[in-house]
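Enquirer: So that we are looking at the same thing, I have put the structure below in C-alpha cells.
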Amino acid sequence: MEDIKILVVDDEARMRKLVKDFLSIKGYIVLEAQDGEEALKVFDANKDVKLILLDVMMPKMDGFEVLEAIRQYSKVPIIMLTARSEERDELEGYKLGVDEYITKPFSPKILVARVEAVLRRTVGEAEDRLIAGAIEIDKVARSVYIDKKPVDLSFKEYELLTYFIENKGIALSREKILSSVWNYDYFGDARTIDTHVKKLRAKMGERGDYIKTVWGMGYKFEITP
C-alpha cells in the first residue's frame with residue numbers, strides 16, 4: 001500500500017518518530033502533528049490522508065476533541081493511541097466515532113498490523129461497493145443497506161458482514177474469522193464470533209438467513225433464493 005498518507009498525532013516526539021519509522025519501512029507517507037490544533041490544520045491541508053493515529057492525552061486539544069471535530073466532516077479511519085485503559089474512555093471514543101483503540105505501551109509490529117488491517121477494509125479494495133443479494137455496502141461511506149433501507153451496524157459488525165460477503169460461498173472457521181476481523185492482537189475466545197453473528201443476524205432481519213452455520217466449524221455466507 002505505497003503512497004498512502006497516514007497522519008500521526010502525538011505530543012511526544014519520540015513516540016512520533018517510533019511510529020513513523022515503522023510505517024515508513026512499509027512504504028507509507030507519514031505526516032506528523034504534535035498537538036490537536038496542529039492535527040486539524042495538517043488534516044485540512046491533506047484531505048487525502050487515509051488514516052489517523054491519534055493520541056488521547058495532548059495539550060491544547062485532546063484526542064477526543066480532535067476526533068469529534070474531524071467527525072463533523074470526515075469519516076477517515078481513526079485509531080486512538082492511549083495510555084488510559086478505562087472502559088468509559090473507550091466507550092466515549094466509540095460514541096464519537098473512533099474505529100480502533102491501541103493501548104500504550106504497544107508492540108510496533110502489532111501497530112503496523114492493525115494499521116494494515118484497517119486500511120485493507122477502507123482503501124485497500126478496488127470496489128467502492130459490495131452487492132450481495134438484498135445487501136449493498138458503500139465502502140466509501142461505510143454504509144450498509146438491506147432491501148434498500150439503511151442498517152446501523154457497529155464497527156465490528158460492519159467488518160464482519162463485509163468479510164462474509166467478500167468470502168461468500170466459503171466455509172470459514174471461527175478461528176479464521178477471529179484472526180481476519182479482530183486482527184492479530186485479539187486474544188479472546190473464538191466463541192465471541194457467535195455473539196457477534198447473533199447480533200448481526202438480528203439487525204439483518206430476514207436476510208440474516210444469508211449467514212449459514214457450519215456445524216462444528218463456523219459460518220458461510222450464501223445468498224438464499
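Labeling convention for the C-alpha cells: chains A, B, ... as they appear, residues from 1 per chain, ligands from 1 in order of appearance.
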Could you tell me, as number ranges by chain, which residues of chain A DSSP assigns to helix (DSSP H, G or I) when given the backbone?
Expert: A: 13-25, 36-45, 63-70, 87-96, 108-122, 155-166, 174-181, 192-210
Enquirer: Mind checking DSSP for stretch 7-213 of chain A and telling me the strand (DSSP E or B) residues as JSON, numbers by chain?
Expert: {"A": [7, 8, 9, 29, 30, 31, 32, 33, 49, 50, 51, 52, 53, 54, 55, 78, 79, 80, 81, 82, 100, 101, 102, 103, 129, 130, 131, 132, 135, 136, 137, 138, 143, 144, 145, 146, 149, 150, 151, 172, 173, 211, 212, 213]}
Enquirer: Using only C-alpha atoms, find the one residue out of A:Val9, A:Gly133, A:Leu172, A:Lys26 that sits nearest to A:Val115.
Expert: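 Among A:Val9, A:Gly133, A:Leu172, A:Lys26, it is A:Lys26 that comes nearest to A:Val115.
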Enquirer: In Å, with one decimal, what is the gap from atom CA of A:Ala202 to atom CA of A:Val214?
Expert: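 The value is 18.2 Å.
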Enquirer: May I have the residues within 10 Å of A:Asn167 as number ranges by chain, using only C-alpha atoms and disregarding those fewer than 6 positions away in the same chain?
Expert: A: 161, 220-222
Enquirer: Could you please determine the separation between atom CA of A:Asp209 and atom CA of A:Thr224 in Å, to one decimal place?
Expert: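 So the answer is 6.9 Å.
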Enquirer: Pick out the residues sitting within 8 Å of stretch 43-55 of chain A, and hand them over as a list of chain:residue names; count only C-alpha atoms, and ignore anything fewer than 3 positions along from it in its own chain.
Expert: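 Everything that qualifies: A:Ile4, A:Lys5, A:Ile6, A:Leu7, A:Val8, A:Val9, A:Asp10, A:Asp11, A:Ala39, A:Leu40, A:Met58, A:Asp62, A:Gly63, A:Val76, A:Pro77, A:Ile78, A:Ile79, A:Met80, A:Leu81, A:Thr82, A:Leu119, A:Val123.
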Enquirer: Put those residues in a file: N, CA and C atoms, as a PDB file, in the first residue's frame.
Expert:
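Written out: result_5.pdb:
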```
ATOM      1  N   ILE A   4       0.267   5.843   0.414  1.00  0.00           N
ATOM      2  CA  ILE A   4      -0.866   6.117   1.281  1.00  0.00           C
ATOM      3  C   ILE A   4      -0.390   7.001   2.437  1.00  0.00           C
ATOM      4  N   LYS A   5      -1.113   8.098   2.664  1.00  0.00           N
ATOM      5  CA  LYS A   5      -0.736   9.034   3.716  1.00  0.00           C
ATOM      6  C   LYS A   5      -1.381   8.668   5.049  1.00  0.00           C
ATOM      7  N   ILE A   6      -0.575   8.693   6.090  1.00  0.00           N
ATOM      8  CA  ILE A   6      -1.056   8.451   7.447  1.00  0.00           C
ATOM      9  C   ILE A   6      -0.618   9.622   8.318  1.00  0.00           C
ATOM     10  N   LEU A   7      -1.541  10.163   9.091  1.00  0.00           N
ATOM     11  CA  LEU A   7      -1.230  11.272   9.998  1.00  0.00           C
ATOM     12  C   LEU A   7      -1.047  10.734  11.407  1.00  0.00           C
ATOM     13  N   VAL A   8       0.119  10.981  11.995  1.00  0.00           N
ATOM     14  CA  VAL A   8       0.429  10.551  13.355  1.00  0.00           C
ATOM     15  C   VAL A   8       0.375  11.767  14.271  1.00  0.00           C
ATOM     16  N   VAL A   9      -0.500  11.724  15.262  1.00  0.00           N
ATOM     17  CA  VAL A   9      -0.700  12.860  16.166  1.00  0.00           C
ATOM     18  C   VAL A   9      -0.334  12.443  17.588  1.00  0.00           C
ATOM     19  N   ASP A  10       0.745  13.022  18.118  1.00  0.00           N
ATOM     20  CA  ASP A  10       1.193  12.690  19.469  1.00  0.00           C
ATOM     21  C   ASP A  10       2.099  13.812  19.946  1.00  0.00           C
ATOM     22  N   ASP A  11       1.970  14.207  21.208  1.00  0.00           N
ATOM     23  CA  ASP A  11       2.788  15.309  21.710  1.00  0.00           C
ATOM     24  C   ASP A  11       4.202  14.859  22.077  1.00  0.00           C
ATOM     25  N   ALA A  39      -2.978  19.081  14.380  1.00  0.00           N
ATOM     26  CA  ALA A  39      -3.547  17.925  13.681  1.00  0.00           C
ATOM     27  C   ALA A  39      -4.663  18.354  12.732  1.00  0.00           C
ATOM     28  N   LEU A  40      -5.548  19.233  13.206  1.00  0.00           N
ATOM     29  CA  LEU A  40      -6.648  19.700  12.361  1.00  0.00           C
ATOM     30  C   LEU A  40      -6.135  20.502  11.169  1.00  0.00           C
ATOM     31  N   MET A  58      -3.205  15.122  25.081  1.00  0.00           N
ATOM     32  CA  MET A  58      -2.387  16.121  24.391  1.00  0.00           C
ATOM     33  C   MET A  58      -2.759  17.517  24.870  1.00  0.00           C
ATOM     34  N   ASP A  62      -7.393  17.713  23.271  1.00  0.00           N
ATOM     35  CA  ASP A  62      -7.076  16.300  23.466  1.00  0.00           C
ATOM     36  C   ASP A  62      -7.628  15.477  22.307  1.00  0.00           C
ATOM     37  N   GLY A  63      -7.340  14.187  22.320  1.00  0.00           N
ATOM     38  CA  GLY A  63      -7.731  13.330  21.213  1.00  0.00           C
ATOM     39  C   GLY A  63      -9.226  13.264  20.988  1.00  0.00           C
ATOM     40  N   VAL A  76     -12.775   9.559   7.819  1.00  0.00           N
ATOM     41  CA  VAL A  76     -11.451   8.949   7.731  1.00  0.00           C
ATOM     42  C   VAL A  76     -11.244   8.015   8.937  1.00  0.00           C
ATOM     43  N   PRO A  77     -10.707   6.812   8.723  1.00  0.00           N
ATOM     44  CA  PRO A  77     -10.476   5.895   9.846  1.00  0.00           C
ATOM     45  C   PRO A  77      -9.532   6.506  10.878  1.00  0.00           C
ATOM     46  N   ILE A  78      -9.860   6.339  12.149  1.00  0.00           N
ATOM     47  CA  ILE A  78      -9.034   6.880  13.236  1.00  0.00           C
ATOM     48  C   ILE A  78      -8.768   5.786  14.265  1.00  0.00           C
ATOM     49  N   ILE A  79      -7.487   5.569  14.539  1.00  0.00           N
ATOM     50  CA  ILE A  79      -7.074   4.651  15.590  1.00  0.00           C
ATOM     51  C   ILE A  79      -6.528   5.501  16.724  1.00  0.00           C
ATOM     52  N   MET A  80      -7.077   5.350  17.911  1.00  0.00           N
ATOM     53  CA  MET A  80      -6.621   6.150  19.044  1.00  0.00           C
ATOM     54  C   MET A  80      -5.551   5.412  19.824  1.00  0.00           C
ATOM     55  N   LEU A  81      -4.493   6.140  20.168  1.00  0.00           N
ATOM     56  CA  LEU A  81      -3.399   5.609  20.974  1.00  0.00           C
ATOM     57  C   LEU A  81      -3.558   6.184  22.374  1.00  0.00           C
ATOM     58  N   THR A  82      -3.710   5.325  23.358  1.00  0.00           N
ATOM     59  CA  THR A  82      -3.999   5.834  24.686  1.00  0.00           C
ATOM     60  C   THR A  82      -3.258   5.065  25.771  1.00  0.00           C
ATOM     61  N   LEU A 119      -6.679  -0.379   6.895  1.00  0.00           N
ATOM     62  CA  LEU A 119      -6.555   0.133   5.529  1.00  0.00           C
ATOM     63  C   LEU A 119      -7.089  -0.855   4.503  1.00  0.00           C
ATOM     64  N   VAL A 123      -9.395   1.347   2.225  1.00  0.00           N
ATOM     65  CA  VAL A 123      -8.854   1.839   0.945  1.00  0.00           C
ATOM     66  C   VAL A 123      -8.180   0.746   0.140  1.00  0.00           C
TER      67      VAL A 123
END
```
Enquirer: Any idea what's packed within 9 Å of A:Met217, counting only C-alpha atoms, ignoring anything in its chain fewer than 3 positions away? Could you give it as a list in words?
Expert: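 Near neighbours after the sequence-gap exclusion: Ala171, Leu172, Ser173, Arg174, Glu175, Thr213 and Val214 of chain A.
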Enquirer: Looking at only C-alpha atoms, which of A:Val56, A:Ile137, A:Ile110, A:Ala13 is the one that sits closest to A:Val98?
Expert: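 Once distances to A:Val98 are computed over only C-alpha atoms, the minimum belongs to A:Val56.
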Enquirer: Identify which of the residues A:Asp21, A:Ile177, A:Pro150, A:Met61 lies closest to A:Gln34, counting only C-alpha atoms when measuring atom-to-atom distances.
Expert: A:Met61
Enquirer: So which one's closest to A:Ile135, A:Thr122, A:Thr195, A:Ser180, A:Thr162? Using only C-alpha atoms, please.
Expert: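 The shortest atom-to-atom distance to A:Ile135 comes from A:Thr162.
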Enquirer: Please determine, counting only C-alpha atoms, which residue among A:Val151, A:Lys104, A:Tyr219, A:Arg142 has the shortest atom-to-atom distance to A:Ser74.
Expert: A:Arg142
Enquirer: Rank nothing, just name the residue among A:Leu153, A:Leu23, A:Val197, A:Ile223 nearest to A:Leu111, using only C-alpha atoms.
Expert: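 Result for the nearest residue to A:Leu111: A:Leu23.
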Enquirer: Atom CA of A:Ile29 to atom CA of A:Asp138: how many Å, to one decimal?
Expert: 26.0 Å
